[in-house]
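Below you'll find the structure, written out as structure tokens, and then a few comments.
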Amino acid sequence: MQHYLQFKDFSADEYAYLFARAALIKKKFKAYEKHHTLVDRTMAMIFEKASTRTRVSFEAGMYQLGGSVVHLTTGDSQLGRAEPIEDSAKVISRMTDLVMIRTFEQTKIERFAAHSRVPVINGLTNEFHPCQVLADIFTFIEHRGSIAGKIVAWVGDGNNMANTWLQAADLLGFTVHVSTPSGYEVKQSVAGPRSANSYRVFDDPLQACQGAHLVTTDVWTSMGYEAENEARRAAFASWCVDRAMMAAAASDALFMHCLPAHRGEEVEAEVIDGPQSVVWDEAENRMHAQKALMEYLLLGRQS
């Protein structure tokens with residue numbers, strides 16, 4: 001049994017399989033061909049953080065695989081009360097085949113997984129967002145081929161997405177150019193890249209975008225940090241991905257954003273709605289990449 005709690009939980013070979021499998025599953029979806037590999041399987045989805053894309057992509061994806069879903073929030077279960085995480089894990093994993101959790105601290109999902117009898121997927125924590133980067137790299141491969149040897153520019157907060165991009169670069173052989181405001185840097189102790197050669201840090205976001213094959217960002221204030229909103233708006237004012245940054249990137253560079261987006265803050269409207277943006281493909285690909293992931297965790301490699 002495997003869990004998927006961080007991007008580094010899988011090997012490069014496993015990711016190669018997942019990207020190929022996601023492409024097949026998406027092709028069948030577009031051709032209206034059934035792909036019911038998880039008939040009679042049930043997934044529990046646990047949300048301590050609100051969600052649009054995570055809920056829709058996992059729920060629709062599980063139904064498309066022939067399975068079913070149980071949706072839980074802290075407001076309608078014992079998770080929001082006094083029951084220990086360990087007890088919830090023992091009960092829920094006896095009644096379902098797979099668990100997806102979207103929560104705050106990474107330690108919560110690790111404690112749950114340690115007492116679960118079934119695979120656990122990280123739908124997002126404060127520290128990591130592996131399913132999003134899984135979909136992002138799948139999207140890059142669709143549009144530009146292998147990401148190995150390429151440059152990804154991360155402009156903005158040193159958050160869960162930045163941590164996950166560093167892990168992905170370490171595993172899959174590309175480089176991340178990181179540019180964050182002072183005080184919002186990526187914490188190396190959290191991201192845990194094995195090699196410093198997989199990333200470079202830039203004070204100037206425009207320099208970080210020089211020659212990049214992909215420019216990507218996120219909101220300035222992630223969920224759980226709303227009290228810092230005004231301070232962050234001031235600190236991040238120069239970290240808006242604009243047309244100048246995209247012009248500094250490679251001529252065929254793509255733009256991605258994990259959404260929701262605030263036009264005029266972390267990205268110019270002309271960029272996210274422009275010809276280099278693939279954010280809508282990226283959003284849809286959450287579902288296809290996660291279908292490949294769920295199938296793999298429950299069934300292993302399929303021929």
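Letters for chains follow the order of the structure tokens (A, B, ...), residue numbers begin at 1 for each chain, and ligand numbers begin at 1 in the order shown.
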Write out as a tab-separated table the residues of stretch 127-151 of chain A that have any atom within 10 Å of an atom of stretch 83-107 of chain A, one row each with the nearest atom pair and its distance in Å to one decimal, counting only C-alpha atoms, sorted by chain and then rising number.
residue	atom	partner	partner_atom	distance
A:Glu127	CA	A:Gln106	CA	6.1
A:Phe128	CA	A:Gln106	CA	7.6
A:His129	CA	A:Arg102	CA	9.4
Distance table requested - stretch 14-93 of chain A against stretch 211-231 of chain A, cut-off 12 Å, only C-alpha atoms: one row per qualifying residue with the closest atom pair and its distance in Å to one decimal, ordered by chain and rising residue number, as a Markdown table.
| residue | atom | partner | partner_atom | distance |
| --- | --- | --- | --- | --- |
| A:Glu48 | CA | A:Met223 | CA | 10.9 |
| A:Lys49 | CA | A:Met223 | CA | 7.6 |
| A:Ala50 | CA | A:Met223 | CA | 8.7 |
| A:Ser51 | CA | A:Met223 | CA | 10.2 |
Take the residues from that selection and write them out as a PDB file, in the first residue's frame, keeping N, CA and C atoms.
ATOM      1  N   GLU A  48     -11.122  20.032   5.358  1.00  0.00           N
ATOM      2  CA  GLU A  48     -11.035  21.033   6.411  1.00  0.00           C
ATOM      3  C   GLU A  48     -10.816  22.419   5.797  1.00  0.00           C
ATOM      4  N   LYS A  49     -10.375  22.449   4.537  1.00  0.00           N
ATOM      5  CA  LYS A  49     -10.257  23.689   3.770  1.00  0.00           C
ATOM      6  C   LYS A  49     -11.250  23.630   2.620  1.00  0.00           C
ATOM      7  N   ALA A  50     -11.906  24.763   2.362  1.00  0.00           N
ATOM      8  CA  ALA A  50     -12.885  24.823   1.273  1.00  0.00           C
ATOM      9  C   ALA A  50     -12.205  24.576  -0.073  1.00  0.00           C
ATOM     10  N   SER A  51     -12.994  24.178  -1.060  1.00  0.00           N
ATOM     11  CA  SER A  51     -12.411  23.818  -2.353  1.00  0.00           C
ATOM     12  C   SER A  51     -13.435  23.887  -3.466  1.00  0.00           C
TER      13      SER A  51
END
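Minimum distance to A:Met1 across A:Ala234, A:Ala196, A:Val120, A:Ala249 (counting only C-alpha atoms) occurs at A:Val120.
Distance annotation: of A:Thr139, A:Thr74, A:Ser116, A:Ser68, the residue with the minimal separation from A:Asp281 is A:Thr139; atom set is only C-alpha atoms.
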(request) Go through stretch 103-175 of chain A and collect every residue that DSSP, computed from the backbone, puts in alpha helix (DSSP H); the answer should be as a PyMOL selection string. (result) chain A and resi 106-114+130-144+160-172
Write a file of the selected residues as a compact mmCIF listing (two decimals), in the first residue's frame, keeping N, CA and C atoms.
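Output contents, as saved in part.txt:
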# COMPACT_ATOMS: atom_id res chain seq x y z
N GLN A 106 0.55 19.61 7.53
CA GLN A 106 0.94 18.34 6.95
C GLN A 106 0.94 17.23 7.99
N THR A 107 1.22 17.58 9.24
CA THR A 107 1.25 16.56 10.29
C THR A 107 -0.11 15.88 10.46
N LYS A 108 -1.19 16.59 10.17
CA LYS A 108 -2.53 15.99 10.29
C LYS A 108 -2.70 14.84 9.31
N ILE A 109 -2.32 15.07 8.06
CA ILE A 109 -2.51 14.02 7.06
C ILE A 109 -1.53 12.87 7.30
N GLU A 110 -0.35 13.19 7.82
CA GLU A 110 0.61 12.13 8.13
C GLU A 110 0.10 11.25 9.28
N ARG A 111 -0.50 11.87 10.28
CA ARG A 111 -1.07 11.10 11.40
C ARG A 111 -2.22 10.22 10.91
N PHE A 112 -3.05 10.75 10.03
CA PHE A 112 -4.17 9.98 9.47
C PHE A 112 -3.62 8.78 8.68
N ALA A 113 -2.66 9.04 7.81
CA ALA A 113 -2.11 7.97 6.97
C ALA A 113 -1.46 6.88 7.81
N ALA A 114 -0.83 7.27 8.91
CA ALA A 114 -0.14 6.29 9.75
C ALA A 114 -1.11 5.28 10.37
N PRO A 130 0.78 18.23 -3.96
CA PRO A 130 1.33 17.36 -5.00
C PRO A 130 0.39 17.09 -6.18
N CYS A 131 -0.91 17.02 -5.93
CA CYS A 131 -1.84 16.74 -7.04
C CYS A 131 -1.86 17.88 -8.05
N GLN A 132 -1.69 19.10 -7.58
CA GLN A 132 -1.68 20.23 -8.50
C GLN A 132 -0.45 20.21 -9.40
N VAL A 133 0.72 19.96 -8.81
CA VAL A 133 1.93 19.93 -9.63
C VAL A 133 1.94 18.71 -10.54
N LEU A 134 1.34 17.61 -10.10
CA LEU A 134 1.15 16.45 -10.98
C LEU A 134 0.39 16.86 -12.23
N ALA A 135 -0.69 17.60 -12.06
CA ALA A 135 -1.49 18.06 -13.19
C ALA A 135 -0.75 19.10 -14.02
N ASP A 136 0.00 19.97 -13.36
CA ASP A 136 0.74 21.01 -14.08
C ASP A 136 1.79 20.41 -15.00
N ILE A 137 2.53 19.43 -14.49
CA ILE A 137 3.56 18.82 -15.33
C ILE A 137 2.93 18.01 -16.46
N PHE A 138 1.83 17.34 -16.18
CA PHE A 138 1.09 16.64 -17.24
C PHE A 138 0.66 17.63 -18.33
N THR A 139 0.22 18.81 -17.92
CA THR A 139 -0.20 19.84 -18.88
C THR A 139 0.99 20.32 -19.70
N PHE A 140 2.13 20.53 -19.05
CA PHE A 140 3.32 20.94 -19.79
C PHE A 140 3.69 19.89 -20.83
N ILE A 141 3.67 18.62 -20.44
CA ILE A 141 4.02 17.54 -21.36
C ILE A 141 3.07 17.53 -22.56
N GLU A 142 1.79 17.75 -22.31
CA GLU A 142 0.81 17.80 -23.40
C GLU A 142 1.17 18.87 -24.43
N HIS A 143 1.60 20.01 -23.96
CA HIS A 143 1.84 21.16 -24.84
C HIS A 143 3.26 21.24 -25.38
N ARG A 144 4.24 20.78 -24.60
CA ARG A 144 5.64 21.02 -24.98
C ARG A 144 6.53 19.78 -24.92
N ASN A 160 3.08 26.22 -0.43
CA ASN A 160 2.98 24.78 -0.69
C ASN A 160 3.26 24.43 -2.15
N MET A 161 2.85 25.30 -3.06
CA MET A 161 3.13 25.06 -4.47
C MET A 161 4.63 25.17 -4.76
N ALA A 162 5.27 26.18 -4.22
CA ALA A 162 6.71 26.34 -4.43
C ALA A 162 7.47 25.15 -3.86
N ASN A 163 7.09 24.71 -2.66
CA ASN A 163 7.73 23.53 -2.06
C ASN A 163 7.61 22.32 -2.97
N THR A 164 6.43 22.14 -3.54
CA THR A 164 6.18 20.97 -4.37
C THR A 164 6.93 21.05 -5.69
N TRP A 165 7.02 22.25 -6.27
CA TRP A 165 7.79 22.41 -7.51
C TRP A 165 9.27 22.05 -7.28
N LEU A 166 9.82 22.41 -6.12
CA LEU A 166 11.21 22.06 -5.84
C LEU A 166 11.39 20.55 -5.74
N GLN A 167 10.44 19.87 -5.12
CA GLN A 167 10.53 18.41 -5.06
C GLN A 167 10.43 17.80 -6.46
N ALA A 168 9.55 18.35 -7.29
CA ALA A 168 9.37 17.81 -8.64
C ALA A 168 10.63 18.00 -9.48
N ALA A 169 11.26 19.17 -9.38
CA ALA A 169 12.48 19.44 -10.14
C ALA A 169 13.58 18.47 -9.75
N ASP A 170 13.67 18.21 -8.47
CA ASP A 170 14.66 17.28 -7.93
C ASP A 170 14.51 15.89 -8.53
N LEU A 171 13.27 15.45 -8.67
CA LEU A 171 12.98 14.10 -9.15
C LEU A 171 13.04 13.98 -10.67
N LEU A 172 12.55 14.99 -11.37
CA LEU A 172 12.31 14.86 -12.81
C LEU A 172 13.32 15.59 -13.68
(request) Could you pull out the residues in stretch 6-123 of chain A that DSSP calls strand (DSSP E or B) from the backbone, as a list of chain:residue names? (result)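 Answer for stretch 6-123 of chain A restricted to strand (DSSP E or B) is A:Thr42, A:Met43, A:Ala44, A:Met45, A:Ile46, A:Phe47, A:Ser68, A:Val69, A:Val70, A:His71, A:Leu72, A:Thr73, A:Leu98, A:Val99, A:Met100, A:Ile101, A:Arg102, A:Val120, A:Ile121, A:Asn122, A:Gly123.
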(request) Go through A:Gly192, A:Gly173, A:Gly183, A:Gly156 and flag the residue nearest A:Glu266, using only C-alpha atoms for the distances. (result) A:Gly156
(message) Report as a PyMOL selection string all protein, DNA and RNA residues lying within 12 Å of A:Leu293, evaluated on only C-alpha atoms, omitting residues in the same chain fewer than 5 positions from it.
(response) chain A and resi 2-4+7+10+14-22+25+38+58+61-62+65+98+100+119-123+130-132+134-135+285-288+298-302
What would the file look like if the residues just selected were written as a short mmCIF file (atom, residue, chain, number, x, y, z; two decimals), in the first residue's frame with N, CA and C atoms?
data_model
loop_
_atom_site.label_atom_id
_atom_site.label_comp_id
_atom_site.auth_asym_id
_atom_site.auth_seq_id
_atom_site.Cartn_x
_atom_site.Cartn_y
_atom_site.Cartn_z
N GLN A 2 0.53 2.19 -0.86
CA GLN A 2 1.24 3.46 -0.92
C GLN A 2 0.29 4.60 -0.57
N HIS A 3 0.85 5.65 0.04
CA HIS A 3 0.15 6.91 0.21
C HIS A 3 0.76 7.92 -0.75
N TYR A 4 0.04 9.03 -0.97
CA TYR A 4 0.58 10.13 -1.79
C TYR A 4 0.42 11.41 -0.99
N PHE A 7 5.09 15.13 -3.21
CA PHE A 7 5.48 14.76 -4.57
C PHE A 7 6.60 13.74 -4.56
N PHE A 10 6.74 9.41 -4.83
CA PHE A 10 6.84 8.53 -6.00
C PHE A 10 8.19 8.73 -6.68
N GLU A 14 7.65 6.01 -11.73
CA GLU A 14 6.22 6.00 -11.44
C GLU A 14 5.52 7.19 -12.08
N TYR A 15 6.18 8.34 -12.07
CA TYR A 15 5.57 9.52 -12.70
C TYR A 15 5.46 9.34 -14.22
N ALA A 16 6.46 8.74 -14.82
CA ALA A 16 6.39 8.48 -16.26
C ALA A 16 5.16 7.63 -16.58
N TYR A 17 4.92 6.62 -15.75
CA TYR A 17 3.73 5.79 -15.93
C TYR A 17 2.45 6.61 -15.75
N LEU A 18 2.39 7.43 -14.69
CA LEU A 18 1.18 8.21 -14.40
C LEU A 18 0.87 9.19 -15.52
N PHE A 19 1.89 9.85 -16.07
CA PHE A 19 1.64 10.81 -17.15
C PHE A 19 1.12 10.10 -18.40
N ALA A 20 1.69 8.95 -18.71
CA ALA A 20 1.21 8.18 -19.86
C ALA A 20 -0.20 7.67 -19.62
N ARG A 21 -0.47 7.21 -18.41
CA ARG A 21 -1.80 6.69 -18.09
C ARG A 21 -2.84 7.81 -18.11
N ALA A 22 -2.48 8.99 -17.58
CA ALA A 22 -3.40 10.13 -17.60
C ALA A 22 -3.73 10.53 -19.03
N ILE A 25 -6.28 7.97 -20.29
CA ILE A 25 -7.58 8.18 -19.65
C ILE A 25 -8.26 9.43 -20.21
N LEU A 38 -12.58 1.31 -11.46
CA LEU A 38 -12.76 1.32 -10.01
C LEU A 38 -14.21 1.08 -9.60
N PHE A 58 -11.82 15.49 -8.05
CA PHE A 58 -11.79 14.16 -7.42
C PHE A 58 -13.15 13.47 -7.50
N GLY A 61 -13.99 12.65 -11.13
CA GLY A 61 -13.05 11.64 -11.58
C GLY A 61 -13.37 10.26 -11.03
N MET A 62 -13.72 10.18 -9.74
CA MET A 62 -14.04 8.88 -9.15
C MET A 62 -15.31 8.29 -9.77
N LEU A 65 -14.57 6.82 -13.09
CA LEU A 65 -13.87 5.53 -12.99
C LEU A 65 -14.80 4.41 -12.52
N LEU A 98 -10.24 4.32 -0.28
CA LEU A 98 -9.30 5.38 -0.60
C LEU A 98 -9.75 6.63 0.14
N MET A 100 -9.04 10.92 0.42
CA MET A 100 -8.40 12.17 0.02
C MET A 100 -8.67 13.20 1.10
N PRO A 119 -5.00 3.62 1.00
CA PRO A 119 -4.17 4.74 0.56
C PRO A 119 -4.79 6.10 0.88
N VAL A 120 -3.94 7.05 1.23
CA VAL A 120 -4.35 8.41 1.54
C VAL A 120 -3.68 9.36 0.55
N ILE A 121 -4.46 10.30 0.01
CA ILE A 121 -3.98 11.28 -0.95
C ILE A 121 -4.04 12.67 -0.34
N ASN A 122 -2.97 13.42 -0.52
CA ASN A 122 -2.93 14.82 -0.09
C ASN A 122 -3.62 15.69 -1.14
N GLY A 123 -4.81 16.20 -0.80
CA GLY A 123 -5.52 17.11 -1.69
C GLY A 123 -5.08 18.55 -1.53
N PRO A 130 0.78 18.23 -3.96
CA PRO A 130 1.33 17.36 -5.00
C PRO A 130 0.39 17.09 -6.18
N CYS A 131 -0.91 17.02 -5.93
CA CYS A 131 -1.84 16.74 -7.04
C CYS A 131 -1.86 17.88 -8.05
N GLN A 132 -1.69 19.10 -7.58
CA GLN A 132 -1.68 20.23 -8.50
C GLN A 132 -0.45 20.21 -9.40
N LEU A 134 1.34 17.61 -10.10
CA LEU A 134 1.15 16.45 -10.98
C LEU A 134 0.39 16.86 -12.23
N ALA A 135 -0.69 17.60 -12.06
CA ALA A 135 -1.49 18.06 -13.19
C ALA A 135 -0.75 19.10 -14.02
N ASN A 285 -7.00 19.21 -16.22
CA ASN A 285 -6.08 18.08 -16.07
C ASN A 285 -5.91 17.62 -14.64
N ARG A 286 -6.37 18.42 -13.67
CA ARG A 286 -6.42 17.91 -12.30
C ARG A 286 -7.22 16.60 -12.28
N MET A 287 -8.35 16.60 -12.98
CA MET A 287 -9.22 15.44 -12.96
C MET A 287 -8.56 14.23 -13.62
N HIS A 288 -7.96 14.41 -14.78
CA HIS A 288 -7.39 13.28 -15.51
C HIS A 288 -6.15 12.73 -14.81
N LEU A 298 -4.84 2.10 -6.14
CA LEU A 298 -5.73 0.97 -5.82
C LEU A 298 -5.42 -0.30 -6.62
N LEU A 299 -4.95 -0.14 -7.85
CA LEU A 299 -4.78 -1.31 -8.72
C LEU A 299 -3.36 -1.56 -9.16
N GLY A 300 -2.47 -0.58 -8.94
CA GLY A 300 -1.13 -0.72 -9.47
C GLY A 300 -1.08 -0.43 -10.96
N ARG A 301 -0.02 -0.81 -11.62
CA ARG A 301 0.13 -0.52 -13.06
C ARG A 301 -0.82 -1.38 -13.87
N GLN A 302 -1.45 -0.71 -14.84
CA GLN A 302 -2.36 -1.39 -15.75
C GLN A 302 -1.77 -1.41 -17.15
#
